[in-house]
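Okay, final22.cif is below, mmCIF, C-alpha atoms:
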data_entry
loop_
_atom_site.group_PDB
_atom_site.id
_atom_site.type_symbol
_atom_site.label_atom_id
_atom_site.label_comp_id
_atom_site.auth_asym_id
_atom_site.auth_seq_id
_atom_site.Cartn_x
_atom_site.Cartn_y
_atom_site.Cartn_z
ATOM 1 C CA MET A 1 32.786 -21.656 -12.832
ATOM 2 C CA THR A 2 29.117 -21.127 -12.101
ATOM 3 C CA ALA A 3 27.803 -18.088 -10.235
ATOM 4 C CA ASN A 4 27.220 -20.334 -7.223
ATOM 5 C CA ASP A 5 30.831 -21.595 -7.324
ATOM 6 C CA ILE A 6 32.093 -18.008 -7.388
ATOM 7 C CA LEU A 7 29.849 -17.139 -4.431
ATOM 8 C CA ILE A 8 31.094 -20.147 -2.438
ATOM 9 C CA ASP A 9 34.724 -19.168 -3.099
ATOM 10 C CA LYS A 10 34.041 -15.669 -1.772
ATOM 11 C CA LEU A 11 32.242 -17.001 1.292
ATOM 12 C CA LEU A 12 35.090 -19.364 2.119
ATOM 13 C CA LYS A 13 37.533 -16.480 1.810
ATOM 14 C CA PHE A 14 35.630 -14.506 4.439
ATOM 15 C CA ALA A 15 35.068 -17.657 6.525
ATOM 16 C CA PRO A 16 38.511 -19.338 6.434
ATOM 17 C CA GLU A 17 37.843 -21.703 9.357
ATOM 18 C CA SER A 18 35.138 -24.151 10.400
ATOM 19 C CA LYS A 19 32.966 -21.808 12.464
ATOM 20 C CA SER A 20 30.621 -18.835 12.158
ATOM 21 C CA PHE A 21 31.978 -15.390 11.289
ATOM 22 C CA GLN A 22 30.259 -12.095 12.028
ATOM 23 C CA THR A 23 31.084 -9.839 9.098
ATOM 24 C CA LYS A 24 31.638 -6.085 9.067
ATOM 25 C CA ILE A 25 28.001 -5.734 8.040
ATOM 26 C CA ASP A 26 25.902 -5.539 11.194
ATOM 27 C CA GLY A 27 23.694 -8.612 11.592
ATOM 28 C CA PHE A 28 25.201 -10.450 8.614
ATOM 29 C CA SER A 29 27.296 -13.562 9.233
ATOM 30 C CA ILE A 30 28.757 -16.496 7.323
ATOM 31 C CA ALA A 31 28.621 -20.058 8.660
ATOM 32 C CA ARG A 32 31.131 -22.696 7.599
ATOM 33 C CA ARG A 33 31.558 -26.280 8.769
ATOM 34 C CA ASN A 34 34.222 -28.515 7.214
ATOM 35 C CA ILE A 35 32.833 -31.813 8.499
ATOM 36 C CA PRO A 36 29.535 -33.060 9.936
ATOM 37 C CA ASN A 37 29.501 -31.724 13.471
ATOM 38 C CA MET A 38 28.077 -32.468 16.872
ATOM 39 C CA ILE A 39 24.797 -30.965 18.003
ATOM 40 C CA GLU A 40 25.050 -27.237 18.681
ATOM 41 C CA GLN A 41 22.386 -25.888 21.046
ATOM 42 C CA CYS A 42 21.585 -22.223 21.382
ATOM 43 C CA MET A 43 18.879 -19.604 21.523
ATOM 44 C CA THR A 44 18.400 -18.669 17.870
ATOM 45 C CA PRO A 45 17.275 -15.102 17.158
ATOM 46 C CA SER A 46 14.906 -14.060 14.399
ATOM 47 C CA ILE A 47 16.977 -14.765 11.269
ATOM 48 C CA VAL A 48 16.973 -15.766 7.634
ATOM 49 C CA VAL A 49 19.451 -18.450 6.514
ATOM 50 C CA VAL A 50 20.430 -18.923 2.861
ATOM 51 C CA THR A 51 22.323 -22.193 2.362
ATOM 52 C CA VAL A 52 24.630 -22.440 -0.662
ATOM 53 C CA GLN A 53 26.465 -25.721 0.007
ATOM 54 C CA GLY A 54 25.950 -28.773 2.216
ATOM 55 C CA LYS A 55 23.000 -29.749 4.401
ATOM 56 C CA LYS A 56 21.925 -29.083 7.965
ATOM 57 C CA CYS A 57 19.226 -30.254 10.353
ATOM 58 C CA SER A 58 17.793 -28.005 13.048
ATOM 59 C CA VAL A 59 15.447 -29.205 15.749
ATOM 60 C CA ILE A 60 13.397 -26.170 16.700
ATOM 61 C CA GLY A 61 10.974 -26.913 19.461
ATOM 62 C CA ASN A 62 10.228 -30.558 18.736
ATOM 63 C CA VAL A 63 10.222 -30.319 14.926
ATOM 64 C CA ASN A 64 13.067 -31.346 12.591
ATOM 65 C CA TYR A 65 13.860 -28.932 9.753
ATOM 66 C CA TYR A 66 16.230 -30.023 6.988
ATOM 67 C CA TYR A 67 17.694 -27.387 4.701
ATOM 68 C CA GLU A 68 20.386 -27.630 2.059
ATOM 69 C CA ALA A 69 21.967 -25.809 -0.872
ATOM 70 C CA GLY A 70 19.274 -23.815 -2.635
ATOM 71 C CA ASN A 71 17.075 -23.444 0.463
ATOM 72 C CA THR A 72 16.115 -20.414 2.523
ATOM 73 C CA MET A 73 14.963 -20.823 6.095
ATOM 74 C CA ILE A 74 13.363 -18.179 8.274
ATOM 75 C CA ILE A 75 12.966 -18.204 12.037
ATOM 76 C CA GLY A 76 10.479 -15.495 12.894
ATOM 77 C CA MET A 77 11.121 -15.158 16.630
ATOM 78 C CA ASN A 78 13.729 -16.097 19.227
ATOM 79 C CA LEU A 79 13.544 -19.863 19.679
ATOM 80 C CA PRO A 80 15.736 -22.556 21.299
ATOM 81 C CA SER A 81 17.287 -24.815 18.676
ATOM 82 C CA SER A 82 19.553 -27.832 18.340
ATOM 83 C CA SER A 83 21.419 -27.912 15.033
ATOM 84 C CA THR A 84 23.877 -30.208 13.338
ATOM 85 C CA VAL A 85 25.536 -30.142 9.922
ATOM 86 C CA ILE A 86 24.933 -33.489 8.225
ATOM 87 C CA ASP A 87 26.607 -32.949 4.837
ATOM 88 C CA ALA A 88 30.040 -31.313 4.730
ATOM 89 C CA THR A 89 33.594 -32.246 3.719
ATOM 90 C CA GLU A 90 36.950 -30.498 3.738
ATOM 91 C CA LYS A 91 36.674 -30.006 -0.036
ATOM 92 C CA LYS A 92 32.999 -29.031 0.054
ATOM 93 C CA PRO A 93 32.253 -27.402 3.410
ATOM 94 C CA TYR A 94 28.765 -26.593 4.563
ATOM 95 C CA CYS A 95 28.303 -22.908 3.829
ATOM 96 C CA SER A 96 25.447 -20.494 4.510
ATOM 97 C CA MET A 97 24.702 -16.803 4.857
ATOM 98 C CA VAL A 98 22.751 -15.600 7.882
ATOM 99 C CA LEU A 99 21.003 -12.263 8.361
ATOM 100 C CA LYS A 100 19.204 -11.123 11.497
ATOM 101 C CA LEU A 101 15.676 -9.982 10.752
ATOM 102 C CA ASP A 102 14.899 -6.418 11.796
ATOM 103 C CA ALA A 103 11.449 -6.103 13.400
ATOM 104 C CA SER A 104 11.296 -2.350 12.799
ATOM 105 C CA LEU A 105 12.047 -2.817 9.088
ATOM 106 C CA ILE A 106 9.429 -5.564 8.873
ATOM 107 C CA ASN A 107 6.822 -3.292 10.439
ATOM 108 C CA GLN A 108 7.756 -0.322 8.236
ATOM 109 C CA ILE A 109 7.564 -2.307 5.023
ATOM 110 C CA SER A 110 4.483 -4.276 6.078
ATOM 111 C CA ALA A 111 2.636 -1.008 6.736
ATOM 112 C CA GLU A 112 3.098 -0.109 3.071
ATOM 113 C CA LEU A 113 1.911 -3.483 1.784
ATOM 114 C CA THR A 114 -1.636 -4.735 1.548
ATOM 115 C CA ASN A 115 -2.713 -7.250 4.161
ATOM 116 C CA ASP A 116 -3.286 -10.075 1.691
ATOM 117 C CA LYS A 117 -0.153 -11.779 3.025
ATOM 118 C CA ILE A 118 -1.440 -11.783 6.599
ATOM 119 C CA ASP A 119 -2.613 -15.257 7.501
ATOM 120 C CA LYS A 120 -4.014 -15.134 11.012
ATOM 121 C CA GLN A 121 -4.504 -18.891 11.001
ATOM 122 C CA ASN A 122 -0.846 -19.546 10.205
ATOM 123 C CA MET A 123 0.888 -20.029 13.528
ATOM 124 C CA SER A 124 4.294 -21.414 12.550
ATOM 125 C CA ALA A 125 7.320 -19.311 13.465
ATOM 126 C CA VAL A 126 9.640 -21.361 11.231
ATOM 127 C CA ALA A 127 9.496 -22.049 7.503
ATOM 128 C CA CYS A 128 11.784 -23.287 4.737
ATOM 129 C CA SER A 129 11.499 -23.039 0.946
ATOM 130 C CA LYS A 130 13.581 -22.789 -2.216
ATOM 131 C CA THR A 131 15.691 -19.655 -2.365
ATOM 132 C CA GLU A 132 14.140 -16.946 -4.521
ATOM 133 C CA PRO A 133 16.593 -15.764 -7.243
ATOM 134 C CA ALA A 134 16.110 -12.126 -6.186
ATOM 135 C CA VAL A 135 16.934 -12.986 -2.562
ATOM 136 C CA LEU A 136 20.081 -14.884 -3.557
ATOM 137 C CA GLU A 137 21.202 -11.964 -5.719
ATOM 138 C CA LEU A 138 20.793 -9.551 -2.806
ATOM 139 C CA PHE A 139 22.754 -11.786 -0.430
ATOM 140 C CA THR A 140 25.463 -12.079 -3.088
ATOM 141 C CA ARG A 141 25.639 -8.278 -3.230
ATOM 142 C CA LEU A 142 26.162 -8.201 0.552
ATOM 143 C CA VAL A 143 29.086 -10.612 0.169
ATOM 144 C CA ASP A 144 30.537 -8.508 -2.671
ATOM 145 C CA LEU A 145 30.232 -5.437 -0.468
ATOM 146 C CA LEU A 146 32.605 -7.020 2.063
ATOM 147 C CA GLU A 147 35.391 -6.464 -0.467
ATOM 148 C CA THR A 148 34.847 -2.695 -0.337
ATOM 149 C CA PRO A 149 34.217 -2.036 3.374
ATOM 150 C CA GLU A 150 34.364 1.726 2.886
ATOM 151 C CA HIS A 151 30.977 1.495 1.136
ATOM 152 C CA ILE A 152 29.241 -0.698 3.728
ATOM 153 C CA ARG A 153 27.691 2.066 5.824
ATOM 154 C CA TYR A 154 26.026 3.594 2.757
ATOM 155 C CA ILE A 155 24.984 0.586 0.695
ATOM 156 C CA ALA A 156 24.402 -2.263 3.166
ATOM 157 C CA PRO A 157 21.250 -0.698 4.738
ATOM 158 C CA LEU A 158 19.705 -0.378 1.260
ATOM 159 C CA ILE A 159 20.414 -4.013 0.379
ATOM 160 C CA ILE A 160 19.189 -5.246 3.765
ATOM 161 C CA ARG A 161 15.972 -3.275 3.399
ATOM 162 C CA GLU A 162 15.375 -4.825 -0.013
ATOM 163 C CA ILE A 163 16.075 -8.307 1.394
ATOM 164 C CA HIS A 164 13.345 -7.726 3.968
ATOM 165 C CA TYR A 165 10.992 -6.519 1.241
ATOM 166 C CA ARG A 166 11.710 -9.529 -0.998
ATOM 167 C CA LEU A 167 11.163 -11.911 1.882
ATOM 168 C CA LEU A 168 7.912 -10.243 2.880
ATOM 169 C CA ILE A 169 6.432 -10.601 -0.616
ATOM 170 C CA SER A 170 7.744 -14.157 -1.025
ATOM 171 C CA PRO A 171 5.971 -17.348 0.124
ATOM 172 C CA LEU A 172 7.892 -17.016 3.396
ATOM 173 C CA GLY A 173 6.454 -13.556 3.960
ATOM 174 C CA LYS A 174 3.234 -14.710 5.571
ATOM 175 C CA HIS A 175 5.201 -16.324 8.404
ATOM 176 C CA ILE A 176 7.199 -13.160 9.074
ATOM 177 C CA ARG A 177 4.281 -10.764 8.752
ATOM 178 C CA THR A 178 1.857 -12.779 10.854
ATOM 179 C CA ILE A 179 4.310 -12.918 13.753
ATOM 180 C CA ASN A 180 5.024 -9.188 13.562
ATOM 181 C CA PHE A 181 1.474 -8.042 12.779
ATOM 182 C CA PHE A 182 -0.033 -6.645 15.966
ATOM 183 C CA GLY A 183 -3.203 -8.390 17.033
ATOM 184 C CA THR A 184 -2.494 -11.808 15.544
ATOM 185 C CA GLN A 185 -2.203 -14.704 17.935
ATOM 186 C CA SER A 186 1.331 -15.400 16.675
ATOM 187 C CA ASN A 187 2.292 -11.852 17.604
ATOM 188 C CA GLN A 188 0.809 -12.324 21.065
ATOM 189 C CA ILE A 189 2.926 -15.464 21.509
ATOM 190 C CA ALA A 190 5.987 -13.492 20.349
ATOM 191 C CA GLN A 191 5.276 -11.006 23.140
ATOM 192 C CA ALA A 192 5.034 -13.880 25.625
ATOM 193 C CA ILE A 193 8.405 -15.218 24.456
ATOM 194 C CA THR A 194 9.985 -11.791 24.952
ATOM 195 C CA TRP A 195 8.619 -11.809 28.504
ATOM 196 C CA LEU A 196 9.964 -15.307 29.140
ATOM 197 C CA GLU A 197 13.438 -14.350 27.908
ATOM 198 C CA LYS A 198 13.541 -11.476 30.392
ATOM 199 C CA ASN A 199 11.983 -13.419 33.286
ATOM 200 C CA TYR A 200 13.180 -16.986 32.757
ATOM 201 C CA ASN A 201 14.448 -17.306 36.347
ATOM 202 C CA VAL A 202 11.106 -16.646 38.071
ATOM 203 C CA PRO A 203 8.370 -19.253 38.619
ATOM 204 C CA LEU A 204 6.087 -19.453 35.595
ATOM 205 C CA VAL A 205 2.376 -18.950 36.266
ATOM 206 C CA ILE A 206 0.554 -19.703 33.011
ATOM 207 C CA GLU A 207 -2.549 -17.760 34.020
ATOM 208 C CA LYS A 208 -0.549 -14.569 34.613
ATOM 209 C CA LEU A 209 1.406 -14.842 31.361
ATOM 210 C CA ALA A 210 -1.780 -15.594 29.412
ATOM 211 C CA ARG A 211 -3.400 -12.521 30.927
ATOM 212 C CA TYR A 212 -0.320 -10.467 30.013
ATOM 213 C CA VAL A 213 -0.915 -11.227 26.305
ATOM 214 C CA ASN A 214 -4.728 -11.028 26.559
ATOM 215 C CA MET A 215 -5.497 -14.719 26.109
ATOM 216 C CA SER A 216 -7.314 -17.301 28.156
ATOM 217 C CA PRO A 217 -4.953 -19.886 29.688
ATOM 218 C CA SER A 218 -6.233 -22.693 27.450
ATOM 219 C CA THR A 219 -5.972 -20.603 24.263
ATOM 220 C CA PHE A 220 -2.525 -19.361 25.265
ATOM 221 C CA HIS A 221 -1.205 -22.852 25.965
ATOM 222 C CA ARG A 222 -2.591 -24.227 22.692
ATOM 223 C CA ASN A 223 -1.291 -21.360 20.549
ATOM 224 C CA PHE A 224 2.103 -21.314 22.253
ATOM 225 C CA LYS A 225 2.583 -24.941 21.281
ATOM 226 C CA LEU A 226 1.376 -24.293 17.710
ATOM 227 C CA VAL A 227 3.944 -21.523 17.269
ATOM 228 C CA THR A 228 6.936 -23.069 19.047
ATOM 229 C CA SER A 229 6.007 -26.803 19.202
ATOM 230 C CA LEU A 230 6.836 -26.559 22.930
ATOM 231 C CA SER A 231 4.734 -25.935 26.000
ATOM 232 C CA PRO A 232 5.510 -22.687 27.893
ATOM 233 C CA LEU A 233 7.155 -24.708 30.677
ATOM 234 C CA GLN A 234 9.315 -26.648 28.209
ATOM 235 C CA PHE A 235 10.309 -23.368 26.569
ATOM 236 C CA GLN A 236 11.286 -21.809 29.901
ATOM 237 C CA LYS A 237 13.305 -24.911 30.809
ATOM 238 C CA LYS A 238 15.333 -24.690 27.593
ATOM 239 C CA ILE A 239 16.059 -21.004 28.163
ATOM 240 C CA ARG A 240 17.163 -21.717 31.735
ATOM 241 C CA LEU A 241 19.477 -24.557 30.774
ATOM 242 C CA LEU A 242 21.034 -22.657 27.859
ATOM 243 C CA GLU A 243 21.676 -19.674 30.135
ATOM 244 C CA ALA A 244 23.149 -21.935 32.825
ATOM 245 C CA GLN A 245 25.528 -23.423 30.265
ATOM 246 C CA ARG A 246 26.538 -19.914 29.143
ATOM 247 C CA LEU A 247 27.190 -18.825 32.738
ATOM 248 C CA MET A 248 29.422 -21.818 33.404
ATOM 249 C CA ILE A 249 31.380 -21.423 30.155
ATOM 250 C CA SER A 250 31.664 -17.651 29.831
ATOM 251 C CA GLU A 251 31.686 -16.525 33.454
ATOM 252 C CA GLY A 252 33.195 -19.547 35.176
ATOM 253 C CA VAL A 253 30.209 -19.960 37.480
ATOM 254 C CA ASP A 254 30.044 -23.299 39.323
ATOM 255 C CA THR A 255 27.179 -25.744 38.788
ATOM 256 C CA LEU A 256 25.321 -24.961 42.003
ATOM 257 C CA THR A 257 25.471 -21.184 41.498
ATOM 258 C CA ALA A 258 24.376 -21.505 37.883
ATOM 259 C CA SER A 259 21.376 -23.620 38.840
ATOM 260 C CA TYR A 260 20.179 -21.056 41.394
ATOM 261 C CA LYS A 261 20.832 -18.089 39.097
ATOM 262 C CA VAL A 262 18.561 -19.487 36.374
ATOM 263 C CA GLY A 263 15.744 -20.291 38.765
ATOM 264 C CA TYR A 264 16.194 -23.881 39.918
ATOM 265 C CA GLU A 265 15.510 -24.605 43.596
ATOM 266 C CA SER A 266 16.723 -28.199 43.412
ATOM 267 C CA PRO A 267 20.311 -28.884 42.227
ATOM 268 C CA THR A 268 19.340 -32.517 41.698
ATOM 269 C CA GLN A 269 16.545 -31.543 39.322
ATOM 270 C CA PHE A 270 18.901 -29.140 37.529
ATOM 271 C CA ASN A 271 21.532 -31.856 37.027
ATOM 272 C CA ARG A 272 18.925 -34.318 35.788
ATOM 273 C CA GLU A 273 17.356 -31.905 33.294
ATOM 274 C CA TYR A 274 20.729 -30.584 32.142
ATOM 275 C CA LYS A 275 21.942 -34.119 31.353
ATOM 276 C CA ARG A 276 18.685 -34.865 29.527
ATOM 277 C CA MET A 277 19.145 -31.795 27.301
ATOM 278 C CA PHE A 278 22.908 -31.787 26.714
ATOM 279 C CA GLY A 279 23.757 -35.480 27.105
ATOM 280 C CA ASN A 280 26.194 -35.101 30.014
ATOM 281 C CA PRO A 281 26.037 -33.817 33.608
ATOM 282 C CA PRO A 282 26.904 -30.083 33.877
ATOM 283 C CA ALA A 283 30.507 -30.398 35.121
ATOM 284 C CA LYS A 284 31.437 -33.047 32.555
ATOM 285 C CA ASP A 285 29.738 -31.130 29.733
ATOM 286 C CA ILE A 286 31.518 -27.863 30.516
ATOM 287 C CA LYS A 287 34.876 -29.592 30.888
ATOM 288 C CA TYR A 288 34.421 -31.202 27.468
ATOM 289 C CA ILE A 289 33.335 -27.940 25.791
ATOM 290 C CA LEU A 290 36.262 -25.974 27.231
ATOM 291 C CA ALA A 291 38.743 -28.710 26.259
ATOM 292 C CA ARG A 292 37.411 -28.746 22.699
ATOM 293 C CA ALA A 293 37.574 -24.939 22.494
ATOM 294 C CA GLY A 294 41.116 -24.823 23.864
#
Translate this structure into structure tokens?
Amino acid sequence: MTANDILIDKLLKFAPESKSFQTKIDGFSIARRNIPNMIEQCMTPSIVVVTVQGKKCSVIGNVNYYYEAGNTMIIGMNLPSSSTVIDATEKKPYCSMVLKLDASLINQISAELTNDKIDKQNMSAVACSKTEPAVLELFTRLVDLLETPEHIRYIAPLIIREIHYRLLISPLGKHIRTINFFGTQSNQIAQAITWLEKNYNVPLVIEKLARYVNMSPSTFHRNFKLVTSLSPLQFQKKIRLLEAQRLMISEGVDTLTASYKVGYESPTQFNREYKRMFGNPPAKDIKYILARAG
């Protein structure tokens, strides 16, 4: 067996079913899908994904990203995404390792590095490249650590810190550092996204949000789209609809209440935009999701 085969066997042991598993290591999860699946829509946090088997497509903003075995993908800020596994079988499931990026670690390590990796012209919050051998080795050590949970609290933070360091000095590092480096336009957009996540249910006034991050409205709108591939209004709409879906599934809220809670004044508009995003009207979509989960 190759080292990759051994790693896959271990991952499948800790992820025995076709879903995502949060491990005992904080922020570290394992994703498994046994067959190509339907589109999964969610708000994706700042993460790094190392794929070891199969292939997946994620639509982040309006851009398609394909990543497969041997690829590492980073998402540098919270973004709405639609993902689907396109290569997986019962014998060879799609399998990946996912680690949440820690902004404080990024800032600590970046402060000790020279600024030659800061690319103020690079606006993309998402990037994909071949997995660096050192990064794969560190992720493998995290998986191995799951077999001795008594050591996790002592060793996992050290491995996770090194993963952040390796990523920051890799070709992907410029994307991470630019977004987290105070004063860059990408960082200003990241601040705007944080504001939108907290205030998604209030009317969006572009001029006020642009002023909040010290940009002119035209510069803000242009840079927001460069970073996320969405306009601020499109971004807010996706957050609202994802939150409405969560409210109806997790809290049993009815369609009308959900629409008002996330900021819609017109139930008709909410139903129309919900169907456009998820493919079905709200009630039918929730009924289908709950039936599939049950």
**Message:** Using only C-alpha atoms for the distances, tell me which of A:Glu197, A:Glu150, A:Asp9, A:Glu162 is nearest to Pro45 of chain A.
**Reply:** A:Glu197
**Item:** Protein, DNA and RNA residues within 7 Å of (18.2, -15.7, 4.6), all atoms listed in the file, as JSON, numbers by chain
**Value:** {"A": [47, 48, 49, 50, 72, 73, 74, 97, 98, 99]}
**Request:** Would you write out, as a PyMOL selection string, every residue that the PyMOL selection byres ((chain A and resi 39) around 6) captures in this file?
**Result:** chain A and resi 38+40+83-84
Would you give the centre and edge lengths, in Å to one decimal, of a box along x, y and z around the listed atoms of segment 170-179 of chain A, with 6 Å added to each side, as JSON?
{"center_x": 4.9, "center_y": -14.1, "center_z": 6.4, "size_x": 18.0, "size_y": 18.6, "size_z": 26.8}
**Asked** If you count all atoms listed in the file, which residues fall within 9 Å of Val143 of chain A, apart from same-chain ones fewer than 2 positions away, as a ChimeraX atom specification?
**Response** /A:7,10-11,14,97,138-141,145-147
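Nearest-residue note for Ser259 of chain A: choosing from A:Asn271, A:Asn180, A:Gln234, A:Asn62, the minimum distance belongs to A:Asn271, counting only C-alpha atoms.
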**Request:** Determine the residue set returned by the PyMOL selection byres ((chain A and resi 279-294) around 10) for the present structure, and present it as a PyMOL selection string.
**Result:** chain A and resi 241+244-246+248-250+252+254-256+258-259+270-278
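Coordinates place atom CA of Val52 of chain A at a distance of 11.2 Å from atom CA of Lys130 of chain A.
Between atom CA of Thr23 of chain A and atom CA of Cys42 of chain A the separation is 19.9 Å.
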I would like the residues chosen by the PyMOL selection byres ((chain A and resi 165) around 10) on the shown file; could you give them as a PDB file with C-alpha atoms, in the coordinates of the input?
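Written file, result.pdb:
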ATOM      1  CA  LEU A 105      12.047  -2.817   9.088  1.00  0.00           C
ATOM      2  CA  ILE A 106       9.429  -5.564   8.873  1.00  0.00           C
ATOM      3  CA  GLN A 108       7.756  -0.322   8.236  1.00  0.00           C
ATOM      4  CA  ILE A 109       7.564  -2.307   5.023  1.00  0.00           C
ATOM      5  CA  SER A 110       4.483  -4.276   6.078  1.00  0.00           C
ATOM      6  CA  LEU A 113       1.911  -3.483   1.784  1.00  0.00           C
ATOM      7  CA  VAL A 135      16.934 -12.986  -2.562  1.00  0.00           C
ATOM      8  CA  ILE A 159      20.414  -4.013   0.379  1.00  0.00           C
ATOM      9  CA  ILE A 160      19.189  -5.246   3.765  1.00  0.00           C
ATOM     10  CA  ARG A 161      15.972  -3.275   3.399  1.00  0.00           C
ATOM     11  CA  GLU A 162      15.375  -4.825  -0.013  1.00  0.00           C
ATOM     12  CA  ILE A 163      16.075  -8.307   1.394  1.00  0.00           C
ATOM     13  CA  HIS A 164      13.345  -7.726   3.968  1.00  0.00           C
ATOM     14  CA  ARG A 166      11.710  -9.529  -0.998  1.00  0.00           C
ATOM     15  CA  LEU A 167      11.163 -11.911   1.882  1.00  0.00           C
ATOM     16  CA  LEU A 168       7.912 -10.243   2.880  1.00  0.00           C
ATOM     17  CA  ILE A 169       6.432 -10.601  -0.616  1.00  0.00           C
ATOM     18  CA  SER A 170       7.744 -14.157  -1.025  1.00  0.00           C
ATOM     19  CA  GLY A 173       6.454 -13.556   3.960  1.00  0.00           C
TER      20      GLY A 173
END
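The shortest atom-to-atom distance to Ala156 of chain A, with all atoms listed in the file taken into account, belongs to A:Gly27 out of A:Arg33, A:Val205, A:Lys19, A:Gly27.
Between Leu142 of chain A and the candidates A:Asn187, A:Ser29, A:Thr89, A:Ser20, the tightest atom-to-atom separation, counting only C-alpha atoms, involves A:Ser29.
For the pair atom CA of Val85 of chain A and atom CA of Ile25 of chain A, the interatomic distance is 24.6 Å.
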**Request:** For the point (12.4, -29.5, 7.2) in the file's frame, write as a list in words all residues with an atom no more than 10 Å away, counting all atoms listed in the file.
**Result:** Lys56, Cys57, Ser58, Val59, Val63, Asn64, Tyr65, Tyr66, Tyr67, Glu68, Met73, Val126, Ala127, Cys128 and Ser129 of chain A
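For the residues A:Asp5, A:Asp26, A:Glu207, A:Glu243, ranking by smallest atom-to-atom distance to Val262 of chain A using all atoms listed in the file places A:Glu243 first.
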Given only C-alpha atoms, how would the per-residue table for segment 77-153 of chain A near segment 188-196 of chain A read, listing every residue at most 10 Å away with its closest atom pair and distance in Å to one decimal, sorted by chain and number, as a tab-separated table?
residue	atom	partner	partner_atom	distance
A:Met77	CA	A:Ala190	CA	6.6
A:Asn78	CA	A:Ile193	CA	7.5
A:Leu79	CA	A:Ile193	CA	8.4
A:Met123	CA	A:Ile189	CA	9.4
A:Ala125	CA	A:Ala190	CA	9.1
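Considering only C-alpha atoms, the residue among A:Thr2, A:Ser18, A:Gln236, A:Ser81 positioned nearest to Asn201 of chain A is A:Gln236.
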